[in-house]
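*Asks:* Structure file structure39.txt (compact mmCIF, C-alpha atoms) is given on the next line.
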```txt
# COMPACT_ATOMS: atom_id res chain seq x y z
CA MET V 19 9.46 -75.57 33.29
CA ASN V 20 10.91 -78.12 35.73
CA THR V 21 12.08 -80.29 32.82
CA LYS V 22 13.87 -77.30 31.33
CA LYS V 23 15.47 -76.45 34.67
CA VAL V 24 16.57 -80.06 35.17
CA ILE V 25 18.30 -80.08 31.77
CA LEU V 26 19.84 -76.63 32.30
CA TYR V 27 21.28 -77.59 35.70
CA GLY V 28 22.72 -80.79 34.22
CA LEU V 29 24.31 -78.74 31.42
CA HIS V 30 25.65 -76.27 34.00
CA ILE V 31 27.46 -79.08 35.84
CA LEU V 32 28.87 -80.32 32.54
CA LYS V 33 29.98 -76.79 31.64
CA ASN V 34 31.86 -76.47 34.94
CA HIS V 35 33.56 -79.82 34.32
CA PHE V 36 34.49 -78.84 30.76
CA LEU V 37 35.90 -75.44 31.80
CA THR V 38 37.95 -77.08 34.57
CA THR V 39 39.31 -79.54 31.99
CA ILE V 40 40.25 -76.79 29.52
CA ILE V 41 42.01 -74.75 32.23
CA PHE V 42 43.93 -77.80 33.40
CA ILE V 43 44.99 -78.80 29.91
CA ALA V 44 46.42 -75.29 29.51
CA PHE V 45 48.73 -76.00 32.47
CA MET V 46 49.45 -79.61 31.49
CA TYR V 47 53.00 -78.89 30.34
CA LEU V 48 53.82 -77.09 33.59
CA TYR V 49 52.28 -79.97 35.55
CA PHE V 50 54.54 -82.59 33.98
CA SER V 51 57.54 -80.28 34.32
CA LEU V 52 57.06 -79.95 38.07
CA PHE V 53 55.80 -83.43 38.99
CA ARG V 54 58.04 -86.03 37.39
CA GLY V 55 58.12 -88.72 40.09
CA THR V 56 55.34 -91.25 40.59
CA ILE V 57 54.74 -90.30 44.25
CA SER V 58 54.82 -86.58 43.38
CA GLN V 59 52.18 -87.15 40.72
CA LEU V 60 50.04 -89.10 43.17
CA ILE V 61 50.27 -86.37 45.83
CA SER V 62 49.54 -83.60 43.32
CA GLY V 63 46.73 -85.72 41.85
CA ILE V 64 45.13 -86.10 45.29
CA VAL V 65 45.40 -82.34 45.95
CA ILE V 66 43.82 -81.53 42.57
CA SER V 67 41.11 -84.14 43.17
CA ILE V 68 40.24 -82.51 46.51
CA LEU V 69 40.06 -79.08 44.85
CA TYR V 70 37.85 -80.51 42.09
CA LEU V 71 35.65 -82.22 44.69
CA TYR V 72 35.29 -78.98 46.66
CA GLY V 73 34.48 -76.98 43.51
CA ASN V 74 31.61 -79.29 42.53
CA PHE V 75 30.46 -79.49 46.16
CA SER V 76 30.34 -75.69 46.43
CA SER V 77 28.49 -75.35 43.13
CA GLY V 78 25.84 -77.87 44.21
CA ARG V 79 25.50 -76.16 47.59
CA TYR V 80 25.08 -72.75 45.94
CA HIS V 81 22.38 -73.95 43.53
CA ALA V 82 20.44 -75.71 46.30
CA LYS V 83 20.25 -72.45 48.27
CA LYS V 84 18.86 -70.40 45.38
CA ARG V 85 15.29 -69.12 45.69
CA ASP V 86 14.09 -71.10 42.66
CA ALA V 87 16.15 -74.21 43.47
CA LEU V 88 15.09 -77.60 42.17
CA PRO V 89 13.78 -80.20 44.63
CA LEU V 90 16.32 -82.89 45.51
CA SER V 91 14.72 -85.48 43.22
CA ALA V 92 14.91 -83.16 40.19
CA ALA V 93 18.46 -82.07 41.06
CA THR V 94 19.48 -85.74 41.35
CA LEU V 95 18.12 -86.31 37.85
CA SER V 96 20.19 -83.33 36.61
CA ILE V 97 23.31 -84.79 38.22
CA ILE V 98 22.64 -88.17 36.59
CA ILE V 99 22.26 -86.46 33.20
CA SER V 100 25.58 -84.63 33.68
CA THR V 101 27.29 -87.91 34.63
CA ILE V 102 26.28 -89.80 31.47
CA PRO V 103 29.33 -88.72 29.36
CA SER V 104 31.78 -89.74 32.11
CA ILE V 105 30.09 -93.12 32.60
CA VAL V 106 30.04 -93.82 28.85
CA PHE V 107 33.71 -92.80 28.48
CA ALA V 108 34.71 -94.82 31.57
CA TYR V 109 32.97 -97.93 30.22
CA LEU V 110 34.46 -97.64 26.73
CA ALA V 111 37.93 -96.76 28.00
CA SER V 112 37.87 -99.64 30.51
CA LYS V 113 36.99 -102.07 27.73
CA ASN V 114 39.98 -100.89 25.69
CA VAL V 115 42.74 -100.89 28.32
CA SER V 116 45.68 -103.13 27.51
CA LEU V 117 49.37 -103.39 28.42
CA ASN V 118 52.35 -104.27 26.27
CA ASP V 119 55.01 -106.86 27.12
CA LYS V 120 56.78 -104.40 29.44
CA GLY V 121 53.58 -103.68 31.37
CA LEU V 122 53.16 -100.19 29.88
CA LEU V 123 49.74 -98.89 28.82
CA LYS V 124 49.04 -99.37 25.13
CA THR V 125 47.78 -96.11 23.70
CA HIS V 126 44.17 -96.30 22.53
CA TRP V 127 42.16 -93.27 21.45
CA LEU V 128 39.38 -94.04 23.95
CA ASN V 129 41.88 -94.00 26.82
CA VAL V 130 43.23 -90.68 25.54
CA VAL V 131 39.71 -89.22 25.27
CA TYR V 132 38.79 -90.35 28.79
CA ARG V 133 41.98 -88.96 30.30
CA LEU V 134 41.58 -85.63 28.51
CA TRP V 135 37.92 -85.45 29.62
CA ASN V 136 39.11 -85.96 33.21
CA SER V 137 42.46 -84.20 32.91
CA PRO V 138 42.43 -82.78 36.49
CA PHE V 139 42.96 -86.40 37.65
CA ILE V 140 46.01 -87.04 35.44
CA GLY V 141 48.17 -87.61 38.54
CA ILE V 142 45.83 -90.40 39.67
CA PHE V 143 46.00 -92.00 36.21
CA SER V 144 49.82 -91.75 36.14
CA TYR V 145 50.09 -93.48 39.50
CA ALA V 146 47.62 -96.19 38.39
CA ASP V 147 49.76 -96.76 35.28
CA GLU V 148 52.84 -97.38 37.43
CA VAL V 149 50.97 -99.77 39.73
CA ALA V 150 49.57 -101.61 36.69
CA LYS V 151 53.09 -101.88 35.24
CA ASN V 152 54.41 -103.46 38.45
CA MET V 153 51.41 -105.80 38.80
CA HIS V 154 51.25 -106.61 35.06
CA SER V 155 47.49 -106.07 35.34
CA ILE V 156 45.03 -103.53 33.93
CA PHE V 157 42.96 -103.70 37.15
CA PRO V 158 44.48 -100.55 38.80
CA ILE V 159 43.83 -98.49 35.65
CA VAL V 160 40.22 -99.65 35.32
CA ILE V 161 39.59 -98.95 39.03
CA SER V 162 41.07 -95.44 38.66
CA TYR V 163 38.72 -94.77 35.71
CA TRP V 164 35.61 -95.66 37.70
CA ILE V 165 36.73 -93.84 40.85
CA VAL V 166 37.28 -90.67 38.82
CA ALA V 167 33.88 -91.10 37.11
CA ALA V 168 32.25 -91.05 40.56
CA PHE V 169 33.82 -87.75 41.65
CA LEU V 170 31.45 -85.43 39.77
CA PRO V 171 28.08 -86.96 40.79
CA VAL V 172 29.09 -87.65 44.41
CA ALA V 173 30.48 -84.14 44.99
CA SER V 174 27.53 -82.42 43.27
CA PHE V 175 24.95 -84.53 45.13
CA LEU V 176 26.55 -84.00 48.55
CA GLY V 177 26.78 -80.26 47.90
CA TYR V 178 23.12 -80.10 46.91
CA VAL V 179 22.00 -82.07 49.99
CA ILE V 180 24.05 -79.83 52.29
CA GLY V 181 22.61 -76.74 50.55
CA ILE V 182 19.05 -77.98 51.17
CA LEU V 183 19.84 -78.76 54.83
CA GLU V 184 21.32 -75.27 55.24
CA THR V 185 18.22 -73.70 53.69
CA LYS V 186 16.05 -75.54 56.24
CA GLY V 187 18.33 -74.46 59.08
CA ILE V 188 19.36 -78.02 59.97
CA VAL V 189 23.04 -77.55 59.08
CA LYS V 190 25.19 -74.44 58.91
CA LEU V 191 28.58 -74.46 57.22
CA PRO V 192 30.92 -71.45 57.28
CA GLU V 193 30.94 -69.16 54.26
CA TYR V 194 34.32 -68.42 52.69
CA SER V 195 34.97 -65.41 50.49
CA LEU V 196 38.26 -64.43 48.84
CA PHE V 197 37.25 -60.78 48.62
CA PRO V 198 35.81 -58.53 51.35
CA LYS V 199 32.25 -57.31 50.81
CA LYS V 200 31.69 -53.70 49.82
CA LYS V 201 29.66 -51.49 52.12
CA GLY V 202 26.82 -51.36 49.59
CA GLN V 203 26.56 -55.14 49.68
CA ASN V 204 25.51 -55.32 53.33
CA LYS V 205 21.96 -56.66 53.54
CA LYS V 206 19.27 -55.08 55.67
CA GLN V 207 17.78 -57.09 58.48
CA GLY V 208 14.03 -57.45 59.10
CA LYS V 209 12.29 -58.00 62.41
CA THR V 210 12.79 -61.72 62.10
CA GLY V 211 16.53 -61.28 61.64
CA LYS V 212 16.44 -62.85 58.19
CA SER V 213 18.02 -61.15 55.19
CA TYR V 214 15.77 -59.89 52.44
```
Please go through the file and, once you have read it, give me the structure as structure tokens.

*Replies:*
Amino acid sequence: MNTKKVILYGLHILKNHFLTTIIFIAFMYLYFSLFRGTISQLISGIVISILYLYGNFSSGRYHAKKRDALPLSAATLSIIISTIPSIVFAYLASKNVSLNDKGLLKTHWLNVVYRLWNSPFIGIFSYADEVAKNMHSIFPIVISYWIVAAFLPVASFLGYVIGILETKGIVKLPEYSLFPKKKGQNKKQGKTGKSY
């Protein structure tokens, strides 16, 4: 049962990443219409990266606080499983990065696949391309690939750890909700003060 839960949680993280990618690709045209300058793309890329980081953090925190949550070791294994595609793509894409005589990125299908797989970070990639062009080096692009590959596991792991610490009462972070709770959703309190 634990093996099944480990695989299902890993697939859940991958599903969230995939859905985020699809949604972002849908707004790709609008993104490039609004953010044309290099600095604008960097700023928007950082904002989107923070939102992505928070989304994965919140998801990990939520799953750690569930009644049938996985222990940290099993959850870590799930996160590693979900990270495998990004690591493989980052490695292959990094090995196939090259610049032309003008310092511009040469299009290679592995670079395209990696950037589509991590489309929320397109602003980071665009900025790295400009830096690489000025430096006449692929180093900034390769570094951006590996930094982006680390976002998903780091955010998910931190969220899960915080969720476990909250469950044990060691840490308490504020809860944010976009919608007010209905009256019927108020939980009863027992003698211990804990919700049930």

*Asks:* Have a look at V:Ile180, V:Met153, V:Val160, V:Ile140 and name the one nearest to Ile66 of chain V; count all atoms listed in the file.

*Replies:*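 Closest residue, counting all atoms listed in the file: V:Ile140.
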
*Asks:* Applying 12 Å and only C-alpha atoms, which residues near Leu88 of chain V remain after dropping the ones on its own chain fewer than 5 positions away? List them as a list in words.

*Replies:*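 So, after excluding close chain neighbours, the residues are Met19, Asn20, Thr21, Lys22, Lys23, Val24, Ile25, Leu26, Tyr27, Gly28, Gly78, Arg79, Tyr80, His81, Ala82, Lys83, Ala93, Thr94, Leu95, Ser96, Ile97, Tyr178, Val179, Gly181 and Ile182 of chain V.
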
*Asks:* Hey, can you check how far atom CA of Glu148 of chain V sits from atom CA of Gly121 of chain V?

*Replies:* 8.8 Å

*Asks:* So how far away is atom CA of Leu37 of chain V from atom CA of Asn114 of chain V, in Å?

*Replies:*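 Atom-to-atom, atom CA of Asn114 of chain V and atom CA of Leu37 of chain V are spaced 26.5 Å apart.
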
*Asks:* Which one is closest to Ser67 of chain V: V:Ile98, V:Leu110, V:Val166, V:Ile31? Count all atoms listed in the file.

*Replies:*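 Going through V:Ile98, V:Leu110, V:Val166, V:Ile31 one by one, the smallest distance to Ser67 of chain V is for V:Val166.
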
*Asks:* Hey, can you check how far atom CA of Ser137 of chain V sits from atom CA of Asn34 of chain V?

*Replies:*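 Computed distance, atom CA of Ser137 of chain V to atom CA of Asn34 of chain V, equals 13.3 Å.
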
*Asks:* Extending 5 Å beyond the listed atoms of segment 181-191 of chain V on each side, what axis-aligned box results? I want centre and edge lengths in Å to one decimal, as JSON.

*Replies:*
```
{"center_x": 22.3, "center_y": -76.2, "center_z": 55.3, "size_x": 22.5, "size_y": 15.1, "size_z": 19.4}
```

*Asks:* Considering only C-alpha atoms, can you say which of V:Tyr132, V:Phe139, V:Tyr145, V:Phe175 comes closest to Tyr70 of chain V?

*Replies:* V:Phe139

*Asks:* Which is closest to Leu29 of chain V among V:Val172, V:Ile102, V:Ile68, V:Leu128, if we use only C-alpha atoms?

*Replies:* V:Ile102

*Asks:* Residues at most 8 Å from Ile156 of chain V, counting all atoms listed in the file, excluding those fewer than 5 positions away in the same chain, as a list of chain:residue names?

*Replies:*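 The neighbour list is V:Val115, V:Ser116, V:Leu117, V:Ala150.
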